[in-house]
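Q: Take this structure first; my questions come after.
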Amino acid sequence: MWSVMVLFMGPDYGIDPAGKFFLVAIPTLLGSVLRLPYTFAVARFGGRNWTVISASLLLIPMIIALFVMHPGTSYTTFMFAAAVAGVGGGNFASSMTNINTLYPEARKGWALGLNAGGGNIGVPVVQLLGLLVIATAGASSPRVLLGIYIPLILIVALLAAIKMDNLTSVRNDTGAFNEAIRQPQTWIMSFLYIGTFGSFIGYSFAFGLVLQNEFHRTPLQAAAVTFIGPLLGSLIRPLGGWLSDRVGGTRVTFWNFLLMGVATLVCVLASNTSSLALFTTGFIALFVLSGVGNGSTYKMIPAIFRAKALAAIDAGTDAQAALLRARRVGGAAIGIISAVGAMGGLLINLAFRQSFAVAKSGVPAFYGFLCFYVVCAAVTYVVYLRGAKAVADSPAGAPAYAGV
């Protein structure tokens with residue numbers, strides 16, 4: 001929502017580009033932090049009950065924004081309104097937890113993919129609606145967009161109350177959570193997920209502002225392009241999983257990070273030459289690649305913990321116990337990784353904020369992103385690609401990450 005709200009903030013609001021990037025970053029921070037408690041809330045309150053509560057909570061930031069979205073409101077007030085919008089960030093984690101328990105293994109992949117894809121598509125949907133409002137009612141009518149969402153929130157909360165179930169089988173596995181925290185693989189994959197999902201969510205929020213400030217697009221011109229990248233990145237996410245099934249998640253992730261570095265260089269070249277067409281092409285490529293990376297990194301997580309279980313079985317551990325432990329710890333790790341990875345959205349917008357504040361351009365931020373993607377590719381290669389080859393080539397070694 002706030003990736004669109006800032007497009008309505010014209011000169012009368014008195015907020016510079018750095019200030020707008022910060023407003024977009026604030027809800028990302030709170031939303032990332034809330035992913036962990038929202039994960040446990042399903043077992044504590046019940047899937048249906050918590051969905052009704054969490055959906056209803058979305059009314060609070062909408063109503064606050066309805067009252068404050070006008071010129072003359074203090075920047076501190078806007079910061080508060082944006083921060084409260086972060087309550088929407090935790091809904092992804094609780095919904096994934098609920099679906100993971102509700103569906104049998106044969107249907108779980110499709111259900112989880114549909115939920116994740118639907119959540120990601122929410123970004124281009126709100127941006128398309130923002131474009132429609134700006135094109136029809138004008139850039140001075142943000143309340144129209146808010147007015148569209150308030151009844152939708154009420155409908156979702158009502159449908160959750162009528163159609164969903166509370167499952168008594170859902171339990172919080174704090175033991176697995178504590179073990180996942182102590183696993184180095186959890187934090188390595190969290191780092192890589194910052195580069196994939198963090199890039200997707202960060203660029204989704206920043207794209208319109210970058211177009212306005214780097215290429216002096218009007219709100220309508222920016223909104224007309226902004227939704228394309230998030231839409232393609234959302235739709236292509238399953239491709240990353242599909243490719244990973246066939247050639248391995250590690251290989252897909254490694255080459256994907258290298259290609260993200262190339263796309264970043266394209267954005268730098270386009271900015272330096274003031275080529276809007278080239279910049280748009282490079283930025284949309286970043287969205288597409290981040291979507292592929294979302295799928296491939298998520299595919300890696302359970303594969304890594306299963307590979308560790310197979311190594312333990314080869315060392316003499318009971319097979320059933322080792323595989324059960326891998327599922328429990330891997331599931332807990334996914335919650336942690338999703339929370340940490342979402343922090344990438346905050347980091348990207350803070351980088352753009354500082355870049356435009358100091359250099360009046362996004363180029364320094366892009367150079368920072370380029371370095372980060374190179375480091376991510378190196379980590380992927382050293383920890384998973386090279387490590388897997390070394391173990392596989394060793395006659396006495398267990399295939400720790402083979403097939404990841």
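Following the order of the structure tokens, first chain is A, next is B, and so on, with residues numbered from 1 inside each chain and ligands from 1 in the order they appear.
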Residues within 7 Å of Met300 in chain A, please, as a list of chain:residue names. Count only C-alpha atoms; anything in the same chain fewer than 3 positions from it doesn't count.
A: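 Using only C-alpha atoms, the neighbours found are A:Gly249, A:Thr250, A:Ser296, A:Thr297, A:Ala303, A:Ile304, A:Val404.
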Q: Go ahead and save the residues from that selection, with N, CA and C atoms, as an mmCIF file, in the first residue's frame.
A:
data_model
loop_
_atom_site.group_PDB
_atom_site.id
_atom_site.type_symbol
_atom_site.label_atom_id
_atom_site.label_comp_id
_atom_site.auth_asym_id
_atom_site.auth_seq_id
_atom_site.Cartn_x
_atom_site.Cartn_y
_atom_site.Cartn_z
ATOM 1 N N GLY A 249 18.628 -26.898 -6.882
ATOM 2 C CA GLY A 249 18.387 -25.535 -6.406
ATOM 3 C C GLY A 249 19.651 -24.722 -6.275
ATOM 4 N N THR A 250 20.763 -25.367 -5.919
ATOM 5 C CA THR A 250 22.018 -24.644 -5.745
ATOM 6 C C THR A 250 22.517 -24.073 -7.065
ATOM 7 N N SER A 296 14.005 -21.018 -6.144
ATOM 8 C CA SER A 296 15.155 -21.914 -6.006
ATOM 9 C C SER A 296 15.685 -21.959 -4.578
ATOM 10 N N THR A 297 15.725 -20.816 -3.891
ATOM 11 C CA THR A 297 16.215 -20.828 -2.502
ATOM 12 C C THR A 297 15.244 -21.557 -1.582
ATOM 13 N N ALA A 303 15.779 -29.376 1.170
ATOM 14 C CA ALA A 303 16.762 -30.299 0.600
ATOM 15 C C ALA A 303 18.035 -30.336 1.438
ATOM 16 N N ILE A 304 18.442 -29.195 1.965
ATOM 17 C CA ILE A 304 19.648 -29.131 2.799
ATOM 18 C C ILE A 304 19.475 -29.961 4.063
ATOM 19 N N VAL A 404 21.174 -30.917 -3.694
ATOM 20 C CA VAL A 404 20.514 -29.718 -3.173
ATOM 21 C C VAL A 404 20.252 -28.756 -4.309
#
Q: Counting only C-alpha atoms, which residues of range 158-237 of chain A sit at most 9 Å from some atom of range 24-37 of chain A, and what is each one's closest atom pair with its distance in Å to one decimal, listed by chain and rising residue number, as a tab-separated table?
A:
residue	atom	partner	partner_atom	distance
A:Ile201	CA	A:Thr28	CA	8.5
A:Gly202	CA	A:Ala25	CA	8.1
A:Phe205	CA	A:Val24	CA	6.4
A:Ala206	CA	A:Val24	CA	7.5
Q: Please, could you write that set of residues out with N, CA and C atoms as a PDB file, in the first residue's frame?
A:
ATOM      1  N   ILE A 201      10.882  -7.787  -2.731  1.00  0.00           N
ATOM      2  CA  ILE A 201       9.997  -6.906  -1.978  1.00  0.00           C
ATOM      3  C   ILE A 201      10.564  -5.488  -1.936  1.00  0.00           C
ATOM      4  N   GLY A 202      11.885  -5.364  -1.849  1.00  0.00           N
ATOM      5  CA  GLY A 202      12.497  -4.038  -1.819  1.00  0.00           C
ATOM      6  C   GLY A 202      12.327  -3.292  -3.128  1.00  0.00           C
ATOM      7  N   PHE A 205       8.711  -2.065  -3.766  1.00  0.00           N
ATOM      8  CA  PHE A 205       8.335  -0.840  -3.075  1.00  0.00           C
ATOM      9  C   PHE A 205       9.040   0.383  -3.648  1.00  0.00           C
ATOM     10  N   ALA A 206      10.256   0.172  -4.192  1.00  0.00           N
ATOM     11  CA  ALA A 206      11.085   1.312  -4.594  1.00  0.00           C
ATOM     12  C   ALA A 206      10.951   1.696  -6.063  1.00  0.00           C
TER      13      ALA A 206
END
Q: For CA of Ser3 in chain A and CA of Ser234 in chain A, determine how far apart the two atoms are, in Å to one decimal place.
A: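 These atoms are spaced 16.4 Å apart.
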Q: Run DSSP on the backbone of this structure and report the residues of range 23-270 of chain A it assigns to alpha helix (DSSP H), as a ChimeraX atom specification.
A: /A:23-45,47-57,59-68,75-84,91-102,105-136,142-163,174-182,184-215,219-226,228-235,237-247,249-270
Q: When you look at range 273-288 of chain A with a cut-off of 8 Å (counting only C-alpha atoms), what residues show up, excluding the ones that are within fewer than 3 positions of it in the same chain? I need them as a list of chain:residue names.
A: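 Skipping anything fewer than 3 positions along the chain leaves A:Ser199, A:Phe200, A:Tyr203, A:Phe215, A:Ile228, A:Gly229, A:Pro230, A:Leu232, A:Gly233, A:Ile236, A:Met260, A:Ala263, A:Thr264, A:Val266, A:Cys267, A:Val268, A:Leu269, A:Ala270, A:Gly291, A:Val292.
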Q: Quote the spacing between CA of Ala339 in chain A and CA of Ala307 in chain A in Å to one decimal place.
A: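 Here the two named atoms are 23.4 Å from each other.
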Q: May I ask which of the residues A:Leu154, A:Val4, A:Ala176, A:Ile99 is the closest one to Leu129 in chain A, counting only C-alpha atoms?
A: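 The answer is A:Val4, which sits nearest to Leu129 in chain A.
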Q: Could you give me, as a ChimeraX atom specification, the residues within 9 Å of Tyr367 in chain A, counting only C-alpha atoms and dropping anything in the same chain fewer than 3 positions from it?
A: /A:264-265,268,362-364,370-372
Q: Using only N, CA and C atoms, please write the residues we just selected to a file, as a compact mmCIF listing (two decimals), in the first residue's frame.
A:
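Generated output (out14.txt):
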# COMPACT_ATOMS: atom_id res chain seq x y z
N THR A 264 21.88 -5.67 -12.70
CA THR A 264 22.20 -4.48 -11.93
C THR A 264 23.14 -3.56 -12.71
N LEU A 265 24.11 -4.14 -13.39
CA LEU A 265 25.01 -3.35 -14.23
C LEU A 265 24.25 -2.65 -15.36
N VAL A 268 22.77 0.42 -13.93
CA VAL A 268 23.80 1.45 -13.75
C VAL A 268 24.09 2.14 -15.08
N GLY A 362 20.38 6.93 -8.00
CA GLY A 362 20.36 5.59 -7.44
C GLY A 362 21.58 4.76 -7.78
N VAL A 363 22.52 5.32 -8.56
CA VAL A 363 23.68 4.56 -9.02
C VAL A 363 24.53 4.00 -7.86
N PRO A 364 24.87 4.79 -6.83
CA PRO A 364 25.65 4.21 -5.73
C PRO A 364 24.94 3.03 -5.07
N LEU A 370 25.13 -4.74 -6.48
CA LEU A 370 25.99 -5.58 -7.32
C LEU A 370 27.00 -6.34 -6.46
N CYS A 371 27.63 -5.63 -5.53
CA CYS A 371 28.59 -6.29 -4.64
C CYS A 371 27.93 -7.38 -3.81
N PHE A 372 26.72 -7.10 -3.35
CA PHE A 372 26.01 -8.07 -2.52
C PHE A 372 25.68 -9.33 -3.32
Q: Taking a cut-off of 12 Å and counting only C-alpha atoms, can you build a table that, for each residue of range 81-155 of chain A near range 159-162 of chain A, reports the nearest atom pair and how far apart they are in Å (one decimal), sorted by chain then residue number, as JSON lines?
A:
{"residue": "A:Ser95", "atom": "CA", "partner": "A:Ala160", "partner_atom": "CA", "distance": 11.5}
{"residue": "A:Leu152", "atom": "CA", "partner": "A:Leu159", "partner_atom": "CA", "distance": 10.5}
{"residue": "A:Ile153", "atom": "CA", "partner": "A:Leu159", "partner_atom": "CA", "distance": 9.9}
{"residue": "A:Leu154", "atom": "CA", "partner": "A:Leu159", "partner_atom": "CA", "distance": 8.6}
{"residue": "A:Ile155", "atom": "CA", "partner": "A:Leu159", "partner_atom": "CA", "distance": 6.1}
Q: When you look at range 374-377 of chain A with a cut-off of 12 Å (counting only C-alpha atoms), what residues show up, excluding the ones that are within fewer than 5 positions of it in the same chain? I need them as a short mmCIF file (atom, residue, chain, number, x, y, z; two decimals) with all heavy atoms, in the first residue's frame.
A:
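Output contents, as saved in around-v3.cif:
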data_model
loop_
_atom_site.label_atom_id
_atom_site.label_comp_id
_atom_site.auth_asym_id
_atom_site.auth_seq_id
_atom_site.Cartn_x
_atom_site.Cartn_y
_atom_site.Cartn_z
N ILE A 188 22.91 -19.09 6.87
CA ILE A 188 23.44 -18.97 5.50
C ILE A 188 22.30 -18.78 4.52
O ILE A 188 22.34 -17.90 3.64
CB ILE A 188 24.28 -20.21 5.14
CG1 ILE A 188 25.53 -20.30 6.03
CG2 ILE A 188 24.69 -20.16 3.66
CD1 ILE A 188 26.29 -21.60 5.87
N MET A 189 21.25 -19.59 4.66
CA MET A 189 20.11 -19.47 3.75
C MET A 189 19.34 -18.17 4.00
O MET A 189 18.76 -17.61 3.06
CB MET A 189 19.18 -20.68 3.91
CG MET A 189 19.75 -21.97 3.34
SD MET A 189 20.28 -21.84 1.60
CE MET A 189 18.76 -21.30 0.81
N SER A 190 19.33 -17.68 5.22
CA SER A 190 18.70 -16.37 5.50
C SER A 190 19.42 -15.28 4.72
O SER A 190 18.79 -14.38 4.15
CB SER A 190 18.75 -16.07 7.00
OG SER A 190 17.97 -16.97 7.74
N PHE A 191 20.75 -15.36 4.71
CA PHE A 191 21.55 -14.39 3.96
C PHE A 191 21.22 -14.44 2.47
O PHE A 191 21.02 -13.41 1.82
CB PHE A 191 23.03 -14.69 4.20
CG PHE A 191 23.97 -13.77 3.47
CD1 PHE A 191 24.21 -12.49 3.94
CD2 PHE A 191 24.62 -14.19 2.31
CE1 PHE A 191 25.08 -11.63 3.26
CE2 PHE A 191 25.49 -13.35 1.64
CZ PHE A 191 25.71 -12.07 2.12
N LEU A 192 21.13 -15.66 1.93
CA LEU A 192 20.82 -15.80 0.50
C LEU A 192 19.40 -15.35 0.20
O LEU A 192 19.13 -14.78 -0.87
CB LEU A 192 21.01 -17.25 0.06
CG LEU A 192 22.43 -17.82 0.17
CD1 LEU A 192 22.47 -19.25 -0.34
CD2 LEU A 192 23.43 -16.95 -0.59
N TYR A 193 18.48 -15.57 1.13
CA TYR A 193 17.08 -15.19 0.91
C TYR A 193 16.90 -13.68 0.95
O TYR A 193 15.99 -13.14 0.33
CB TYR A 193 16.19 -15.87 1.95
CG TYR A 193 14.74 -15.98 1.53
CD1 TYR A 193 14.39 -16.58 0.32
CD2 TYR A 193 13.71 -15.51 2.35
CE1 TYR A 193 13.07 -16.68 -0.06
CE2 TYR A 193 12.38 -15.62 1.97
CZ TYR A 193 12.07 -16.21 0.77
OH TYR A 193 10.75 -16.32 0.39
N ILE A 194 17.80 -12.99 1.66
CA ILE A 194 17.80 -11.52 1.58
C ILE A 194 18.04 -11.09 0.14
O ILE A 194 17.44 -10.14 -0.36
CB ILE A 194 18.88 -10.94 2.51
CG1 ILE A 194 18.47 -11.10 3.98
CG2 ILE A 194 19.14 -9.46 2.20
CD1 ILE A 194 19.55 -10.67 4.96
N GLY A 195 18.92 -11.83 -0.55
CA GLY A 195 19.24 -11.48 -1.93
C GLY A 195 18.14 -11.79 -2.91
O GLY A 195 18.07 -11.16 -3.98
N THR A 196 17.26 -12.74 -2.61
CA THR A 196 16.19 -13.10 -3.55
C THR A 196 14.87 -12.45 -3.15
O THR A 196 14.44 -11.49 -3.78
CB THR A 196 16.04 -14.63 -3.63
OG1 THR A 196 15.83 -15.18 -2.32
CG2 THR A 196 17.28 -15.25 -4.24
N THR A 250 20.76 -25.37 -5.92
CA THR A 250 22.02 -24.64 -5.74
C THR A 250 22.52 -24.07 -7.06
O THR A 250 22.95 -22.92 -7.13
CB THR A 250 23.08 -25.57 -5.14
OG1 THR A 250 22.62 -26.06 -3.88
CG2 THR A 250 24.38 -24.82 -4.93
N ARG A 251 22.47 -24.88 -8.11
CA ARG A 251 22.93 -24.40 -9.42
C ARG A 251 22.06 -23.24 -9.90
O ARG A 251 22.58 -22.24 -10.42
CB ARG A 251 22.90 -25.54 -10.44
CG ARG A 251 23.94 -26.61 -10.20
CD ARG A 251 23.96 -27.63 -11.32
NE ARG A 251 24.97 -28.67 -11.10
CZ ARG A 251 24.73 -29.79 -10.43
NH1 ARG A 251 23.53 -30.00 -9.91
NH2 ARG A 251 25.69 -30.67 -10.26
N VAL A 252 20.75 -23.38 -9.76
CA VAL A 252 19.85 -22.30 -10.19
C VAL A 252 20.14 -21.04 -9.40
O VAL A 252 20.24 -19.94 -9.97
CB VAL A 252 18.38 -22.72 -10.02
CG1 VAL A 252 17.45 -21.55 -10.34
CG2 VAL A 252 18.05 -23.91 -10.92
N THR A 253 20.31 -21.17 -8.10
CA THR A 253 20.56 -20.01 -7.25
C THR A 253 21.88 -19.34 -7.59
O THR A 253 21.97 -18.10 -7.67
CB THR A 253 20.55 -20.43 -5.76
OG1 THR A 253 19.27 -21.00 -5.44
CG2 THR A 253 20.80 -19.24 -4.86
N PHE A 254 22.93 -20.12 -7.80
CA PHE A 254 24.25 -19.58 -8.12
C PHE A 254 24.20 -18.75 -9.41
O PHE A 254 24.62 -17.59 -9.43
CB PHE A 254 25.26 -20.72 -8.25
CG PHE A 254 26.60 -20.29 -8.78
CD1 PHE A 254 27.48 -19.56 -7.99
CD2 PHE A 254 26.98 -20.62 -10.08
CE1 PHE A 254 28.71 -19.16 -8.49
CE2 PHE A 254 28.20 -20.22 -10.57
CZ PHE A 254 29.08 -19.50 -9.78
N TRP A 255 23.71 -19.35 -10.48
CA TRP A 255 23.68 -18.63 -11.75
C TRP A 255 22.69 -17.47 -11.71
O TRP A 255 22.89 -16.45 -12.37
CB TRP A 255 23.33 -19.59 -12.89
CG TRP A 255 24.47 -20.51 -13.22
CD1 TRP A 255 24.57 -21.83 -12.91
CD2 TRP A 255 25.69 -20.14 -13.87
NE1 TRP A 255 25.79 -22.34 -13.34
CE2 TRP A 255 26.49 -21.31 -13.94
CE3 TRP A 255 26.18 -18.96 -14.41
CZ2 TRP A 255 27.75 -21.33 -14.52
CZ3 TRP A 255 27.43 -18.97 -15.00
CH2 TRP A 255 28.20 -20.13 -15.06
N ASN A 256 21.65 -17.63 -10.93
CA ASN A 256 20.66 -16.55 -10.81
C ASN A 256 21.28 -15.31 -10.18
O ASN A 256 21.03 -14.19 -10.63
CB ASN A 256 19.47 -17.04 -9.98
CG ASN A 256 18.26 -16.15 -10.13
OD1 ASN A 256 17.62 -16.13 -11.17
ND2 ASN A 256 17.94 -15.40 -9.08
N PHE A 257 22.09 -15.49 -9.15
CA PHE A 257 22.75 -14.33 -8.51
C PHE A 257 23.70 -13.65 -9.49
O PHE A 257 23.81 -12.41 -9.51
CB PHE A 257 23.50 -14.76 -7.26
CG PHE A 257 22.63 -14.84 -6.03
CD1 PHE A 257 22.62 -15.98 -5.24
CD2 PHE A 257 21.82 -13.78 -5.66
CE1 PHE A 257 21.81 -16.06 -4.11
CE2 PHE A 257 21.01 -13.85 -4.53
CZ PHE A 257 21.01 -15.00 -3.75
N LEU A 258 24.41 -14.44 -10.30
CA LEU A 258 25.30 -13.84 -11.29
C LEU A 258 24.52 -13.02 -12.30
O LEU A 258 24.92 -11.91 -12.69
CB LEU A 258 26.12 -14.92 -11.99
CG LEU A 258 27.14 -15.67 -11.13
CD1 LEU A 258 27.89 -16.69 -11.99
CD2 LEU A 258 28.13 -14.71 -10.47
N LEU A 259 23.38 -13.54 -12.74
CA LEU A 259 22.55 -12.81 -13.70
C LEU A 259 21.94 -11.57 -13.06
O LEU A 259 21.76 -10.54 -13.73
CB LEU A 259 21.45 -13.73 -14.24
CG LEU A 259 21.91 -14.85 -15.17
CD1 LEU A 259 20.75 -15.77 -15.52
CD2 LEU A 259 22.53 -14.26 -16.45
N MET A 260 21.62 -11.62 -11.77
CA MET A 260 21.13 -10.43 -11.08
C MET A 260 22.21 -9.35 -11.04
O MET A 260 21.90 -8.15 -11.15
CB MET A 260 20.68 -10.78 -9.65
CG MET A 260 19.40 -11.62 -9.61
SD MET A 260 18.87 -12.07 -7.93
CE MET A 260 18.19 -10.49 -7.37
N GLY A 261 23.46 -9.78 -10.92
CA GLY A 261 24.55 -8.81 -11.00
C GLY A 261 24.63 -8.16 -12.37
O GLY A 261 24.84 -6.94 -12.48
N VAL A 262 24.43 -8.95 -13.43
CA VAL A 262 24.44 -8.39 -14.79
C VAL A 262 23.30 -7.40 -14.97
O VAL A 262 23.48 -6.31 -15.53
CB VAL A 262 24.35 -9.53 -15.83
CG1 VAL A 262 24.17 -8.96 -17.23
CG2 VAL A 262 25.58 -10.43 -15.76
N THR A 264 21.88 -5.67 -12.70
CA THR A 264 22.20 -4.48 -11.93
C THR A 264 23.14 -3.56 -12.71
O THR A 264 22.98 -2.33 -12.71
CB THR A 264 22.85 -4.87 -10.59
OG1 THR A 264 21.97 -5.76 -9.89
CG2 THR A 264 23.10 -3.64 -9.72
N LEU A 265 24.11 -4.14 -13.39
CA LEU A 265 25.01 -3.35 -14.23
C LEU A 265 24.25 -2.65 -15.36
O LEU A 265 24.57 -1.52 -15.74
CB LEU A 265 26.10 -4.23 -14.81
CG LEU A 265 27.23 -4.63 -13.85
CD1 LEU A 265 28.18 -5.62 -14.52
CD2 LEU A 265 27.99 -3.39 -13.38
N GLY A 293 14.81 -16.76 -8.15
CA GLY A 293 15.59 -17.03 -6.95
C GLY A 293 14.74 -17.35 -5.74
O GLY A 293 15.14 -18.15 -4.88
N THR A 297 15.73 -20.82 -3.89
CA THR A 297 16.22 -20.83 -2.50
C THR A 297 15.24 -21.56 -1.58
O THR A 297 15.66 -22.30 -0.68
CB THR A 297 16.45 -19.40 -1.99
OG1 THR A 297 15.31 -18.58 -2.28
CG2 THR A 297 17.68 -18.79 -2.60
N TYR A 367 25.45 -0.07 -7.20
CA TYR A 367 26.78 -0.65 -7.04
C TYR A 367 26.84 -1.49 -5.75
O TYR A 367 27.49 -2.55 -5.72
CB TYR A 367 27.84 0.45 -7.00
CG TYR A 367 28.28 0.91 -8.37
CD1 TYR A 367 28.20 2.25 -8.74
CD2 TYR A 367 28.81 0.01 -9.29
CE1 TYR A 367 28.60 2.69 -10.01
CE2 TYR A 367 29.22 0.43 -10.56
CZ TYR A 367 29.11 1.76 -10.91
OH TYR A 367 29.50 2.17 -12.16
N GLY A 368 26.18 -1.01 -4.70
CA GLY A 368 26.11 -1.79 -3.47
C GLY A 368 25.38 -3.12 -3.68
O GLY A 368 25.82 -4.17 -3.19
N PHE A 369 24.26 -3.08 -4.43
CA PHE A 369 23.52 -4.31 -4.71
C PHE A 369 24.37 -5.27 -5.53
O PHE A 369 24.34 -6.49 -5.30
CB PHE A 369 22.22 -3.99 -5.46
CG PHE A 369 21.33 -3.01 -4.76
CD1 PHE A 369 20.50 -2.16 -5.48
CD2 PHE A 369 21.32 -2.90 -3.38
CE1 PHE A 369 19.66 -1.25 -4.84
CE2 PHE A 369 20.50 -1.99 -2.72
CZ PHE A 369 19.67 -1.17 -3.46
N VAL A 382 30.74 -21.67 -2.66
CA VAL A 382 31.68 -22.23 -1.68
C VAL A 382 30.99 -23.20 -0.73
O VAL A 382 31.50 -24.29 -0.46
CB VAL A 382 32.36 -21.08 -0.88
CG1 VAL A 382 33.16 -21.65 0.29
CG2 VAL A 382 33.26 -20.26 -1.79
N VAL A 383 29.82 -22.83 -0.23
CA VAL A 383 29.16 -23.65 0.79
C VAL A 383 28.44 -24.85 0.19
O VAL A 383 28.49 -25.96 0.75
CB VAL A 383 28.16 -22.80 1.60
CG1 VAL A 383 27.41 -23.66 2.62
CG2 VAL A 383 28.88 -21.66 2.30
N TYR A 384 27.79 -24.67 -0.96
CA TYR A 384 26.92 -25.73 -1.48
C TYR A 384 27.45 -26.40 -2.75
O TYR A 384 27.47 -27.62 -2.84
CB TYR A 384 25.52 -25.17 -1.71
CG TYR A 384 24.89 -24.68 -0.42
CD1 TYR A 384 24.60 -23.34 -0.22
CD2 TYR A 384 24.63 -25.58 0.61
CE1 TYR A 384 24.05 -22.89 0.96
CE2 TYR A 384 24.09 -25.14 1.80
CZ TYR A 384 23.79 -23.79 1.98
OH TYR A 384 23.26 -23.35 3.15
N LEU A 385 27.89 -25.62 -3.72
CA LEU A 385 28.38 -26.25 -4.96
C LEU A 385 29.73 -26.92 -4.75
O LEU A 385 29.88 -28.11 -4.97
CB LEU A 385 28.47 -25.20 -6.07
CG LEU A 385 27.18 -24.92 -6.86
CD1 LEU A 385 27.43 -23.86 -7.92
CD2 LEU A 385 26.65 -26.20 -7.51
N ARG A 386 30.72 -26.16 -4.31
CA ARG A 386 32.06 -26.74 -4.13
C ARG A 386 32.07 -27.76 -3.01
O ARG A 386 32.70 -28.80 -3.10
CB ARG A 386 33.09 -25.64 -3.85
CG ARG A 386 34.53 -26.15 -3.90
CD ARG A 386 35.52 -25.05 -3.63
NE ARG A 386 35.46 -24.59 -2.23
CZ ARG A 386 36.25 -23.66 -1.72
NH1 ARG A 386 37.15 -23.06 -2.48
NH2 ARG A 386 36.14 -23.30 -0.46
#
